[in-house]
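**Q** My structure is stored as protein_2.cif, with mmCIF, C-alpha atoms and all ligand atoms.
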data_my_file
loop_
_atom_site.label_atom_id
_atom_site.label_comp_id
_atom_site.auth_asym_id
_atom_site.auth_seq_id
_atom_site.Cartn_x
_atom_site.Cartn_y
_atom_site.Cartn_z
CA MET A 12 5.85 -44.15 -64.40
CA THR A 13 7.98 -42.17 -61.95
CA THR A 14 11.12 -43.78 -60.67
CA LYS A 15 13.40 -42.45 -57.99
CA ASN A 16 16.76 -41.36 -59.38
CA SER A 17 20.04 -40.37 -57.78
CA PRO A 18 20.31 -36.84 -56.42
CA LEU A 19 21.15 -34.16 -58.97
CA ARG A 20 23.15 -30.97 -58.51
CA VAL A 21 20.70 -28.23 -59.42
CA ALA A 22 20.93 -24.45 -59.82
CA VAL A 23 17.69 -22.46 -59.74
CA ILE A 24 18.21 -19.02 -61.25
CA GLY A 25 15.58 -16.63 -59.89
CA GLY A 26 14.37 -16.43 -56.30
CA GLY A 27 10.92 -14.96 -56.83
CA SER A 28 7.87 -16.95 -55.78
CA TRP A 29 8.09 -19.58 -58.52
CA GLY A 30 11.87 -20.10 -58.43
CA THR A 31 11.70 -20.48 -54.65
CA ALA A 32 8.74 -22.90 -54.79
CA LEU A 33 10.45 -25.08 -57.43
CA ALA A 34 13.81 -24.99 -55.61
CA ASN A 35 11.93 -26.06 -52.48
CA VAL A 36 10.41 -29.05 -54.32
CA LEU A 37 13.83 -30.10 -55.62
CA ALA A 38 15.57 -29.70 -52.25
CA GLY A 39 12.69 -31.59 -50.61
CA ASN A 40 13.25 -34.37 -53.17
CA SER A 41 16.86 -34.64 -51.88
CA HIS A 42 18.56 -32.90 -54.82
CA ASP A 43 21.55 -30.70 -53.96
CA THR A 44 19.85 -27.39 -54.80
CA VAL A 45 21.26 -23.85 -54.92
CA LEU A 46 18.92 -20.90 -55.47
CA TRP A 47 20.38 -17.75 -57.03
CA VAL A 48 18.58 -14.58 -56.01
CA HIS A 49 18.59 -11.09 -57.50
CA ASP A 50 17.35 -9.58 -54.20
CA THR A 51 20.43 -10.01 -52.03
CA GLU A 52 18.57 -9.46 -48.72
CA LEU A 53 17.02 -12.91 -49.27
CA VAL A 54 20.31 -14.80 -48.91
CA ASP A 55 20.36 -14.79 -45.09
CA GLU A 56 16.59 -15.14 -44.83
CA ILE A 57 16.65 -18.36 -46.86
CA ASN A 58 19.94 -19.80 -45.52
CA GLN A 59 19.33 -19.04 -41.86
CA ARG A 60 15.57 -18.68 -41.37
CA HIS A 61 14.49 -20.92 -44.28
CA MET A 62 11.87 -18.42 -45.44
CA ASN A 63 11.41 -16.10 -48.43
CA PRO A 64 9.54 -13.19 -46.82
CA LEU A 65 9.48 -11.12 -50.03
CA PHE A 66 7.84 -13.63 -52.34
CA LEU A 67 6.47 -16.55 -50.27
CA PRO A 68 5.76 -15.00 -46.86
CA GLY A 69 4.79 -17.39 -44.07
CA ILE A 70 5.84 -20.60 -45.85
CA PRO A 71 8.66 -22.65 -44.28
CA LEU A 72 11.24 -23.84 -46.81
CA CYS A 73 13.31 -27.02 -46.85
CA PRO A 74 16.34 -26.41 -44.57
CA ALA A 75 18.60 -28.13 -47.14
CA LEU A 76 17.93 -25.38 -49.73
CA VAL A 77 21.02 -23.18 -50.17
CA CYS A 78 20.74 -19.59 -51.39
CA THR A 79 23.42 -17.40 -53.01
CA GLU A 80 23.72 -14.07 -54.79
CA ASN A 81 26.82 -15.31 -56.63
CA LEU A 82 25.97 -16.61 -60.11
CA THR A 83 29.31 -18.37 -60.54
CA HIS A 84 28.85 -20.33 -57.32
CA ALA A 85 25.27 -21.14 -58.22
CA LEU A 86 26.12 -22.55 -61.66
CA SER A 87 29.39 -24.29 -61.04
CA GLY A 88 29.24 -28.09 -61.60
CA ARG A 89 25.43 -28.29 -61.93
CA ASP A 90 23.65 -31.14 -63.79
CA LEU A 91 20.43 -29.17 -64.12
CA VAL A 92 19.94 -25.41 -64.47
CA LEU A 93 16.43 -24.06 -63.95
CA MET A 94 15.75 -20.55 -65.29
CA VAL A 95 12.92 -18.71 -63.47
CA THR A 96 13.48 -14.97 -63.89
CA PRO A 97 10.92 -12.67 -65.51
CA VAL A 98 11.11 -13.23 -69.27
CA GLN A 99 11.91 -9.59 -70.08
CA VAL A 100 15.18 -9.83 -68.07
CA MET A 101 16.01 -13.42 -69.09
CA ARG A 102 18.36 -12.41 -71.95
CA GLY A 103 20.53 -10.34 -69.58
CA VAL A 104 20.71 -13.15 -67.01
CA LEU A 105 21.49 -15.77 -69.70
CA ASP A 106 24.23 -13.51 -71.03
CA ARG A 107 25.85 -13.46 -67.57
CA ALA A 108 25.34 -17.22 -67.16
CA ARG A 109 26.56 -18.20 -70.64
CA GLY A 110 30.16 -19.21 -69.86
CA LEU A 111 29.30 -20.59 -66.42
CA ILE A 112 26.87 -23.39 -67.31
CA ASP A 113 28.31 -26.91 -67.54
CA PRO A 114 28.29 -27.96 -71.23
CA ASP A 115 26.39 -31.16 -70.39
CA ALA A 116 23.81 -29.57 -68.08
CA VAL A 117 20.10 -29.86 -68.89
CA ILE A 118 18.53 -26.39 -69.02
CA VAL A 119 14.95 -25.96 -67.90
CA ASN A 120 12.86 -22.83 -68.31
CA ALA A 121 9.88 -22.31 -65.99
CA SER A 122 9.13 -18.66 -66.89
CA LYS A 123 6.11 -17.75 -69.00
CA GLY A 124 6.22 -15.00 -71.58
CA ILE A 125 7.50 -13.70 -74.90
CA GLU A 126 10.37 -11.23 -75.12
CA LEU A 127 9.07 -7.89 -76.33
CA GLU A 128 12.18 -6.75 -78.12
CA SER A 129 12.58 -9.90 -80.27
CA LEU A 130 9.10 -11.56 -80.06
CA LYS A 131 10.94 -14.77 -79.06
CA THR A 132 10.04 -17.46 -76.56
CA VAL A 133 12.71 -18.50 -74.06
CA SER A 134 13.70 -21.58 -76.10
CA GLN A 135 14.16 -19.31 -79.13
CA ILE A 136 16.30 -16.88 -77.10
CA CYS A 137 18.38 -19.83 -75.86
CA ALA A 138 18.81 -21.16 -79.41
CA GLU A 139 20.04 -17.70 -80.46
CA PHE A 140 22.53 -17.60 -77.55
CA PHE A 141 23.80 -21.17 -77.51
CA GLY A 142 22.96 -22.52 -81.00
CA GLU A 143 20.15 -24.76 -82.28
CA ARG A 144 21.83 -27.97 -80.95
CA PHE A 145 21.44 -26.61 -77.46
CA LEU A 146 17.72 -27.40 -77.73
CA GLU A 147 18.64 -31.07 -77.42
CA ARG A 148 19.17 -30.45 -73.71
CA TYR A 149 16.40 -27.89 -73.21
CA VAL A 150 13.16 -28.47 -71.30
CA ALA A 151 10.12 -26.17 -71.00
CA LEU A 152 8.31 -26.58 -67.67
CA SER A 153 4.77 -25.21 -67.48
CA GLY A 154 1.25 -25.89 -66.24
CA PRO A 155 -1.45 -24.79 -63.79
CA THR A 156 0.74 -24.11 -60.77
CA PHE A 157 0.42 -21.19 -58.39
CA ALA A 158 3.75 -20.98 -56.57
CA ARG A 159 2.11 -20.54 -53.18
CA GLU A 160 0.06 -23.75 -53.48
CA VAL A 161 3.08 -25.74 -54.68
CA ALA A 162 5.15 -24.40 -51.78
CA GLN A 163 2.35 -25.40 -49.39
CA GLY A 164 2.56 -28.96 -50.72
CA LEU A 165 -0.94 -28.91 -52.22
CA PRO A 166 -1.42 -31.41 -55.09
CA SER A 167 -0.27 -29.92 -58.41
CA LEU A 168 0.45 -31.17 -61.93
CA ILE A 169 2.98 -29.81 -64.44
CA VAL A 170 4.40 -30.61 -67.89
CA ALA A 171 8.08 -31.03 -68.82
CA ALA A 172 8.48 -30.65 -72.60
CA SER A 173 11.61 -31.42 -74.58
CA ARG A 174 12.62 -32.51 -78.06
CA VAL A 175 14.64 -35.25 -76.38
CA GLU A 176 12.56 -37.63 -74.31
CA SER A 177 15.38 -38.51 -71.90
CA CYS A 178 15.72 -34.81 -70.93
CA ALA A 179 11.99 -34.46 -70.30
CA ARG A 180 12.09 -37.68 -68.23
CA LYS A 181 15.06 -36.48 -66.21
CA VAL A 182 13.11 -33.36 -65.24
CA GLN A 183 9.90 -35.33 -64.67
CA THR A 184 11.69 -37.64 -62.25
CA ALA A 185 13.60 -34.86 -60.49
CA PHE A 186 10.43 -32.93 -59.65
CA SER A 187 7.83 -35.62 -59.07
CA ASN A 188 6.81 -36.56 -55.54
CA PRO A 189 3.53 -37.54 -53.85
CA THR A 190 2.08 -34.00 -54.17
CA PHE A 191 3.81 -32.80 -57.36
CA ARG A 192 3.27 -34.85 -60.50
CA ALA A 193 5.07 -34.07 -63.75
CA TYR A 194 4.05 -35.30 -67.21
CA THR A 195 6.34 -35.31 -70.25
CA ASN A 196 5.57 -33.81 -73.64
CA SER A 197 7.58 -33.26 -76.84
CA ASP A 198 5.92 -30.00 -77.94
CA VAL A 199 8.29 -27.34 -76.59
CA ILE A 200 6.85 -24.39 -78.53
CA GLY A 201 3.25 -25.38 -77.67
CA VAL A 202 4.02 -25.60 -73.96
CA GLU A 203 5.82 -22.23 -74.08
CA LEU A 204 3.01 -20.51 -75.98
CA GLY A 205 0.34 -21.91 -73.67
CA GLY A 206 2.06 -20.33 -70.67
CA ALA A 207 2.63 -17.02 -72.44
CA VAL A 208 -0.80 -16.49 -74.02
CA LYS A 209 -2.81 -17.58 -70.95
CA ASN A 210 -1.34 -14.64 -69.02
CA VAL A 211 -2.79 -12.20 -71.55
CA ILE A 212 -6.19 -13.88 -71.55
CA ALA A 213 -6.12 -13.88 -67.71
CA ILE A 214 -5.74 -10.10 -67.76
CA ALA A 215 -8.76 -9.95 -70.08
CA ALA A 216 -10.72 -12.28 -67.73
CA GLY A 217 -9.81 -10.08 -64.78
CA ILE A 218 -11.02 -7.00 -66.67
CA CYS A 219 -14.27 -8.79 -67.44
CA ASP A 220 -14.79 -9.66 -63.75
CA GLY A 221 -13.73 -6.19 -62.62
CA LEU A 222 -16.42 -4.76 -64.87
CA GLY A 223 -18.93 -7.12 -63.22
CA PHE A 224 -19.81 -8.90 -66.46
CA GLY A 225 -20.62 -12.23 -64.80
CA HIS A 226 -19.92 -15.91 -65.27
CA ASN A 227 -21.22 -16.26 -68.86
CA ALA A 228 -18.80 -13.64 -70.11
CA ARG A 229 -15.86 -15.18 -68.26
CA ALA A 230 -16.54 -18.69 -69.60
CA ALA A 231 -16.90 -17.29 -73.14
CA LEU A 232 -13.65 -15.39 -72.79
CA ILE A 233 -11.74 -18.46 -71.59
CA THR A 234 -13.12 -20.54 -74.47
CA ARG A 235 -12.45 -17.95 -77.19
CA GLY A 236 -9.07 -17.22 -75.59
CA LEU A 237 -8.22 -20.90 -75.99
CA ALA A 238 -9.19 -20.66 -79.68
CA GLU A 239 -6.77 -17.73 -80.08
CA MET A 240 -3.99 -19.63 -78.29
CA ASN A 241 -4.59 -22.60 -80.56
CA ARG A 242 -4.53 -20.47 -83.73
CA LEU A 243 -1.24 -18.79 -82.83
CA GLY A 244 0.24 -22.11 -81.75
CA LEU A 245 -0.66 -23.87 -85.00
CA ALA A 246 0.86 -20.98 -86.98
CA MET A 247 4.08 -21.45 -85.00
CA GLY A 248 4.32 -25.22 -85.38
CA ALA A 249 2.74 -26.32 -82.08
CA GLN A 250 0.38 -29.28 -81.71
CA ALA A 251 -3.32 -28.65 -81.00
CA ALA A 252 -3.37 -31.41 -78.35
CA THR A 253 -0.96 -29.43 -76.20
CA PHE A 254 -3.51 -26.62 -75.80
CA ALA A 255 -6.11 -29.10 -74.54
CA GLY A 256 -3.64 -30.16 -71.85
CA LEU A 257 -2.19 -28.82 -68.60
CA ALA A 258 0.02 -26.17 -70.22
CA GLY A 259 -2.87 -24.89 -72.34
CA MET A 260 -6.41 -25.16 -71.06
CA GLY A 261 -5.28 -26.21 -67.57
CA ASP A 262 -3.22 -23.09 -66.96
CA LEU A 263 -5.72 -20.87 -68.78
CA VAL A 264 -8.57 -21.97 -66.51
CA LEU A 265 -6.43 -21.62 -63.37
CA THR A 266 -5.15 -18.16 -64.19
CA CYS A 267 -8.47 -16.79 -65.48
CA THR A 268 -10.37 -17.95 -62.39
CA GLY A 269 -7.88 -18.13 -59.49
CA ASP A 270 -7.61 -15.11 -57.22
CA LEU A 271 -3.91 -15.88 -56.59
CA SER A 272 -3.14 -14.85 -60.18
CA ARG A 273 -1.18 -11.60 -60.53
CA ASN A 274 -2.28 -11.28 -64.18
CA ARG A 275 -5.95 -11.72 -63.36
CA THR A 276 -5.55 -9.22 -60.49
CA VAL A 277 -4.05 -6.60 -62.82
CA GLY A 278 -7.03 -7.05 -65.13
CA PHE A 279 -9.54 -6.96 -62.27
CA LYS A 280 -8.18 -3.63 -61.04
CA LEU A 281 -8.20 -2.24 -64.59
CA GLY A 282 -11.83 -3.33 -64.92
CA GLN A 283 -12.60 -1.48 -61.71
CA GLY A 284 -11.15 1.68 -63.18
CA MET A 285 -7.61 1.84 -61.79
CA ARG A 286 -4.82 3.02 -64.09
CA LEU A 287 -2.17 0.49 -65.16
CA LYS A 288 0.65 2.74 -63.92
CA ASP A 289 -0.87 2.84 -60.42
CA ILE A 290 -1.58 -0.92 -60.38
CA LEU A 291 2.00 -1.78 -61.32
CA ALA A 292 3.43 0.76 -58.87
CA GLU A 293 1.91 -1.14 -55.95
CA MET A 294 3.13 -4.60 -57.14
CA ARG A 295 6.53 -6.12 -56.33
CA MET A 296 5.77 -9.27 -58.28
CA VAL A 297 5.74 -9.66 -62.04
CA ALA A 298 2.57 -9.90 -64.16
CA GLU A 299 4.16 -11.20 -67.36
CA GLY A 300 0.96 -10.72 -69.37
CA VAL A 301 1.30 -6.93 -69.34
CA LYS A 302 4.32 -6.95 -71.65
CA THR A 303 3.47 -10.27 -73.30
CA ALA A 304 0.16 -8.72 -74.43
CA GLU A 305 2.19 -6.48 -76.69
CA SER A 306 4.53 -9.31 -77.78
CA VAL A 307 1.61 -11.60 -78.67
CA PHE A 308 -0.28 -8.78 -80.38
CA GLN A 309 2.80 -7.99 -82.53
CA LEU A 310 3.35 -11.71 -83.25
CA SER A 311 -0.28 -12.15 -84.32
CA ARG A 312 0.07 -9.25 -86.75
CA LYS A 313 3.38 -10.52 -88.08
CA LEU A 314 1.95 -14.02 -88.66
CA GLY A 315 -1.49 -12.86 -89.83
CA VAL A 316 -3.29 -14.72 -86.99
CA GLU A 317 -6.64 -13.36 -85.82
CA MET A 318 -6.51 -12.75 -82.03
CA PRO A 319 -9.25 -10.24 -81.18
CA ILE A 320 -9.17 -10.72 -77.39
CA VAL A 321 -5.40 -10.27 -77.32
CA GLU A 322 -5.77 -7.18 -79.53
CA LYS A 323 -8.29 -5.61 -77.14
CA ALA A 324 -6.18 -6.52 -74.09
CA TYR A 325 -3.22 -4.83 -75.77
CA GLN A 326 -5.27 -1.72 -76.57
CA ILE A 327 -6.61 -1.46 -73.00
CA LEU A 328 -3.17 -1.98 -71.47
CA HIS A 329 -1.02 0.05 -73.81
CA GLU A 330 -3.25 2.44 -75.77
CA ASP A 331 -5.58 3.53 -72.95
CA LYS A 332 -8.68 2.13 -74.66
CA PRO A 333 -11.56 2.14 -72.14
CA ALA A 334 -12.35 -1.46 -71.14
CA LYS A 335 -16.11 -1.12 -71.75
CA GLN A 336 -15.50 0.20 -75.27
CA ALA A 337 -13.18 -2.74 -75.99
CA VAL A 338 -15.90 -5.21 -74.94
CA THR A 339 -18.51 -3.39 -77.06
CA GLU A 340 -16.18 -3.64 -80.06
CA LEU A 341 -15.57 -7.37 -79.45
CA MET A 342 -19.33 -8.04 -79.30
CA ALA A 343 -19.95 -6.03 -82.48
CA ARG A 344 -17.50 -8.01 -84.64
CA ALA A 345 -18.90 -9.60 -87.80
CA LEU A 346 -20.89 -12.76 -87.00
CA LYS A 347 -19.05 -15.96 -87.92
CA ALA A 348 -18.89 -19.73 -87.46
CA GLU A 349 -17.24 -21.05 -84.32
CA GLY A 350 -13.65 -22.21 -84.87
N1 LIG A 401 4.48 -17.19 -59.19
C1 LIG A 401 3.85 -18.18 -59.79
O1 LIG A 401 2.86 -18.72 -59.28
C2 LIG A 401 4.36 -18.67 -61.11
C3 LIG A 401 3.98 -19.95 -61.55
C4 LIG A 401 4.41 -20.40 -62.78
C5 LIG A 401 5.22 -19.59 -63.56
N2 LIG A 401 5.60 -18.37 -63.10
C6 LIG A 401 6.50 -17.59 -63.96
O2 LIG A 401 7.78 -17.57 -63.35
C7 LIG A 401 8.49 -16.41 -63.76
C8 LIG A 401 9.08 -15.74 -62.54
O3 LIG A 401 8.00 -15.24 -61.77
P1 LIG A 401 7.91 -15.30 -60.19
O4 LIG A 401 6.48 -15.41 -59.88
O5 LIG A 401 8.85 -16.29 -59.62
O6 LIG A 401 8.48 -13.86 -59.82
P2 LIG A 401 7.95 -12.88 -58.68
O7 LIG A 401 6.92 -12.02 -59.28
O8 LIG A 401 7.60 -13.66 -57.47
O9 LIG A 401 9.24 -12.01 -58.37
C9 LIG A 401 9.90 -11.29 -59.36
C10 LIG A 401 11.27 -11.90 -59.53
O10 LIG A 401 11.98 -11.20 -60.52
C11 LIG A 401 13.30 -10.96 -60.07
N3 LIG A 401 13.91 -9.88 -60.81
C12 LIG A 401 13.46 -8.61 -60.96
N4 LIG A 401 14.34 -7.92 -61.72
C13 LIG A 401 15.33 -8.78 -62.05
C14 LIG A 401 16.52 -8.67 -62.82
N5 LIG A 401 16.86 -7.53 -63.43
N6 LIG A 401 17.31 -9.75 -62.96
C15 LIG A 401 16.99 -10.91 -62.37
N7 LIG A 401 15.87 -11.09 -61.62
C16 LIG A 401 15.06 -10.03 -61.48
C17 LIG A 401 13.07 -10.65 -58.60
O11 LIG A 401 14.28 -10.71 -57.91
C18 LIG A 401 12.14 -11.79 -58.25
O12 LIG A 401 12.87 -12.98 -58.10
C19 LIG A 401 7.48 -15.55 -64.53
O13 LIG A 401 7.68 -15.74 -65.89
C20 LIG A 401 6.13 -16.12 -64.10
O14 LIG A 401 5.15 -15.95 -65.12
C21 LIG A 401 5.19 -17.90 -61.91
O1 LIG A 402 0.13 -15.23 -60.89
P1 LIG A 402 0.22 -15.38 -62.39
O2 LIG A 402 -0.91 -14.72 -63.10
O3 LIG A 402 1.57 -14.95 -62.88
O4 LIG A 402 0.09 -16.94 -62.72
C1 LIG A 402 0.93 -17.84 -62.07
C2 LIG A 402 1.08 -19.14 -62.83
O5 LIG A 402 1.53 -18.92 -64.13
C3 LIG A 402 -0.16 -20.00 -62.82
O6 LIG A 402 0.11 -21.23 -63.46
#
Could you render the structure from this file as structure tokens?
**A**
Amino acid sequence: MTTKNSPLRVAVIGGGSWGTALANVLAGNSHDTVLWVHDTELVDEINQRHMNPLFLPGIPLCPALVCTENLTHALSGRDLVLMVTPVQVMRGVLDRARGLIDPDAVIVNASKGIELESLKTVSQICAEFFGERFLERYVALSGPTFAREVAQGLPSLIVAASRVESCARKVQTAFSNPTFRAYTNSDVIGVELGGAVKNVIAIAAGICDGLGFGHNARAALITRGLAEMNRLGLAMGAQAATFAGLAGMGDLVLTCTGDLSRNRTVGFKLGQGMRLKDILAEMRMVAEGVKTAESVFQLSRKLGVEMPIVEKAYQILHEDKPAKQAVTELMARALKAEG
């Protein structure tokens, strides 16, 4: 049950499409919201014209949303800090933010990926930085949510996961409104892994569609991708039910089928024969699955978890394996029982 609470002081760290869309929800819900941006040309655009032309072109933002390039200003005296930078730069941003975050603030991560260098999720990076007790005020926010649709006010659902129920509830209440509905969950690692692995499977689904393999192949890939996500999750202490929910199957289906997905688009272009270097050169936005494919592949090897779709995605992306050959190899694997 959602109840209206008093306005919070919120910092949103990362003014890409998702950070801007979430900051817009919070400002629209009457929270005092400051958005920190890496791209300094956005400060005037957001403060004066109430638009983010780089990452959410054409969408009017809440006039109450304040934007800054100054991390100290953004973080000073905030009850809630929302991290939304690409995962591969998160460590550097957290390092700069470390001494600036209020000791009692709830920290929320909305980014989806696994750090390549350490093979850690964002909660694990945070625990390394701030200590294990820090996770008592940490929330993972994830689900099937294209930033553009959220910013347009289209109905969307999301999950706020925390070890501490009151933290998850605080975030649930802060975000929820008539078009944005948040659920709580206690499975932080499951919610994080759902968001990270679905990006890799979405690249594979895009490849499949780019090759023109049809609907049967895509549905099979989503289903077997979910089995891989589940296997990795169970090996890392997650709960199977999480992967049947919004942060697992929900986001997997959205990203594997929705044309707004950057990860699916990267895969589609690969399937059509473009080179990864050329695809990435024409993108300003991040497709987290490109690097997370390597992180998840390395994690699966380290933990002895069988993830054949992830392995082939990694080989296509990073070892120049031809996509058609990868599919032939997947189909030729030893026959087995489903599971
Ligand atoms: N866009 C979506 O629909 C969506 C939805 C849910 C989750 N996410 C996740 O949110 C995270 C952020 O993605 P996005 O879509 O908002 O980004 P984006 O692709 O729209 O933009 C990239 C962002 O990265 C920032 N950036 C680049 N280099 C940086 C650096 N060195 N330090 C700090 N910031 C830097 C840019 O300034 C910009 O804000 C990703 O993990 C993504 O998977 C995105
Ligand atoms: O555009 P993508 O592929 O990064 O996906 C965006 C969101 O994660 C969808 O939930």
**Q** Please identify all protein, DNA and RNA residues within 7 Å of ligand LIG 401 (chain A), counting only C-alpha atoms and all ligand atoms, and report them as a PyMOL selection string.
**A** chain A and resi 25-30+48-50+66+95-98+100+104+121-124+153+156-159+295-299
**Q** So that I can see what lies close to stretch 168-170 of chain A, please list as a ChimeraX atom specification the residues with an atom at most 10 Å from it, counting only C-alpha atoms and leaving out residues fewer than 5 positions away in the same chain.
**A** /A:150-156,161,179,182-183,186-187,190-197,202,253,256-258,261-262
**Q** Of the residues A:Arg273, A:Lys181, A:His329, A:Arg148, which is the one nearest to ligand LIG 402 (chain A), using all atoms listed in the file?
**A**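 Looking only at the distances to ligand LIG 402 (chain A), the closest residue turns out to be A:Arg273.
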**Q** Might you pull out every residue within 10 Å of A:Lys302, with only C-alpha atoms counted and same-chain residues fewer than 2 positions away left off, and present them as a list of chain:residue names?
**A**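 So the residues in contact are A:Val98, A:Gln99, A:Gly124, A:Ile125, A:Glu126, A:Leu127, A:Asn210, A:Val211, A:Ala298, A:Glu299, A:Gly300, A:Ala304, A:Glu305, A:Ser306, A:Val307, A:Tyr325, A:Leu328, A:His329.
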**Q** Create the file for the chosen residues now, containing C-alpha atoms and written as a CSV table (one decimal), in the frame of the given file.
**A**
chain,number,residue,atom,x,y,z
A,98,VAL,CA,11.1,-13.2,-69.3
A,99,GLN,CA,11.9,-9.6,-70.1
A,124,GLY,CA,6.2,-15.0,-71.6
A,125,ILE,CA,7.5,-13.7,-74.9
A,126,GLU,CA,10.4,-11.2,-75.1
A,127,LEU,CA,9.1,-7.9,-76.3
A,210,ASN,CA,-1.3,-14.6,-69.0
A,211,VAL,CA,-2.8,-12.2,-71.6
A,298,ALA,CA,2.6,-9.9,-64.2
A,299,GLU,CA,4.2,-11.2,-67.4
A,300,GLY,CA,1.0,-10.7,-69.4
A,304,ALA,CA,0.2,-8.7,-74.4
A,305,GLU,CA,2.2,-6.5,-76.7
A,306,SER,CA,4.5,-9.3,-77.8
A,307,VAL,CA,1.6,-11.6,-78.7
A,325,TYR,CA,-3.2,-4.8,-75.8
A,328,LEU,CA,-3.2,-2.0,-71.5
A,329,HIS,CA,-1.0,0.0,-73.8
**Q** What lies within 9 Å of A:Val21 using only C-alpha atoms, ignoring chain neighbours under 3 positions off, as a list in words?
**A**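 Contacts, with the query itself left out: Ala34, Leu37, Ala38, His42, Asp43, Thr44, Val45, Leu46, Ala85, Leu86, Gly88, Arg89, Asp90, Leu91, Val92 and Leu93 of chain A.
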**Q** Expressed in Å to a single decimal, how great is the separation between atom CA of A:Asn81 and atom CA of A:Asn35?
**A**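 Rounded to one decimal, the two atoms are 18.8 Å apart.
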**Q** If I wrap all listed atoms of ligand LIG 402 (chain A) in a box with edges along x, y and z and add 5 Å on each side, what are its centre and edge lengths in Å to one decimal, as JSON?
**A**
{"center_x": 0.3, "center_y": -18.0, "center_z": -62.5, "size_x": 12.5, "size_y": 16.5, "size_z": 13.2}
**Q** One decimal, Å: what's the distance from atom CA of A:Thr132 over to atom CA of A:Ile200, could you say?
**A**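 Going from atom CA of A:Thr132 over to atom CA of A:Ile200 covers 7.9 Å.
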**Q** Nearest to ligand LIG 402 (chain A) among A:Gly248, A:Gly225, A:Pro68, A:Gly269, with distances taken over only C-alpha atoms and all ligand atoms: which residue is it?
**A**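 Of the candidates, the smallest distance to ligand LIG 402 (chain A) is held by A:Gly269.
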**Q** Residues at most 8 Å from A:Gln250, counting only C-alpha atoms, excluding those fewer than 3 positions away in the same chain, as a list of chain:residue names?
**A**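 Surrounding residues, per the criterion: A:Asp198, A:Gly201, A:Gly244, A:Leu245, A:Thr253, A:Phe254.
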**Q** Taking all atoms listed in the file into account, which of A:Ala162, A:Ala252, A:Ala185, A:Ala116 comes nearest A:Ile70?
**A**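 So, comparing all the options, the nearest one is A:Ala162.
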**Q** Which is closer to ligand LIG 402 (chain A) than all the others in A:Leu314, A:Ile320, A:Ile212, A:Leu237, using all atoms listed in the file?
**A** A:Ile212
**Q** Compare A:Glu160, A:Asp115, A:Glu330, A:Glu128 by their minimum atom-to-atom distance to ligand LIG 402 (chain A), counting only C-alpha atoms and all ligand atoms, and give me the closest one.
**A**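 Of all the options, A:Glu160 lies closest to ligand LIG 402 (chain A).
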**Q** Do you have the atom CA of A:Ser311-atom CA of A:Glu203 distance handy?
**A**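 Between atom CA of A:Ser311 and atom CA of A:Glu203 the gap works out to 15.6 Å.
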**Q** Restricting the calculation to all atoms listed in the file: of A:Glu143, A:Asp270, A:Glu317, A:Glu293, which residue gets closest to ligand LIG 402 (chain A)?
**A**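 For ligand LIG 402 (chain A), the nearest of the candidates is A:Asp270.
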**Q** Write out as a ChimeraX atom specification each polymer residue whose atoms come within 9 Å of A:Val264, counting all atoms listed in the file; drop sequence neighbours fewer than 4 positions from it.
**A** /A:155,209,213,233,259-260,268-269
**Q** Kindly provide, as a list in words, the polymer residues lying within 7 Å of (17.6, -24.1, -64.8), counting only C-alpha atoms and using the coordinates exactly as they appear in the file.
**A**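 Here is the list of nearby residues: Ala22, Val23, Ile24, Leu91, Val92, Leu93, Met94, Ile118, Val119 and Asn120 of chain A.
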**Q** Write out, as a CSV table (one decimal), in the frame of the given file, the residues just selected, with C-alpha atoms.
**A**
chain,number,residue,atom,x,y,z
A,22,ALA,CA,20.9,-24.4,-59.8
A,23,VAL,CA,17.7,-22.5,-59.7
A,24,ILE,CA,18.2,-19.0,-61.2
A,91,LEU,CA,20.4,-29.2,-64.1
A,92,VAL,CA,19.9,-25.4,-64.5
A,93,LEU,CA,16.4,-24.1,-64.0
A,94,MET,CA,15.8,-20.6,-65.3
A,118,ILE,CA,18.5,-26.4,-69.0
A,119,VAL,CA,15.0,-26.0,-67.9
A,120,ASN,CA,12.9,-22.8,-68.3
